[in-house]
Amino acid sequence: MIEKGLDANLAALVAEIAERDHRDATRSVAPLKPAEAAEIIDTSDLDIAQTVAYVRAVVRDRLGI
């Protein structure tokens, strides 16, 4: 955003995204929610390589390979 000349305040962006996600998840018509078979992956403490390895392991497990 900064490269495009837009103001980018990380704390404000995080708050806006959280507000949007809450609004989408709690709306009365077609609330946004994960599919029943979805695997929720919290990547907060993972680097890119760890995330890729985890996703690959989940896919292999689901496919039985």
# chains A, B, ... in the order shown; residues from 1 in each chain; ligands from 1

call {"tool": "select_by_dssp", "arguments": {"residues": "chain A", "states": "alpha helix (DSSP H)", "output": "number ranges by chain"}}
result
A: 10-26, 48-63

call {"tool": "atom_distance", "arguments": {"atom1": "atom CA of A:Ala37", "atom2": "atom CA of A:Leu63"}}
result
13.2 Å

call {"tool": "atom_distance", "arguments": {"atom1": "atom CA of A:Val59", "atom2": "atom CA of A:Glu39"}}
result
9.9 Å

call {"tool": "atom_distance", "arguments": {"atom1": "atom CA of A:Ala18", "atom2": "atom CA of A:Leu32"}}
result
13.2 Å
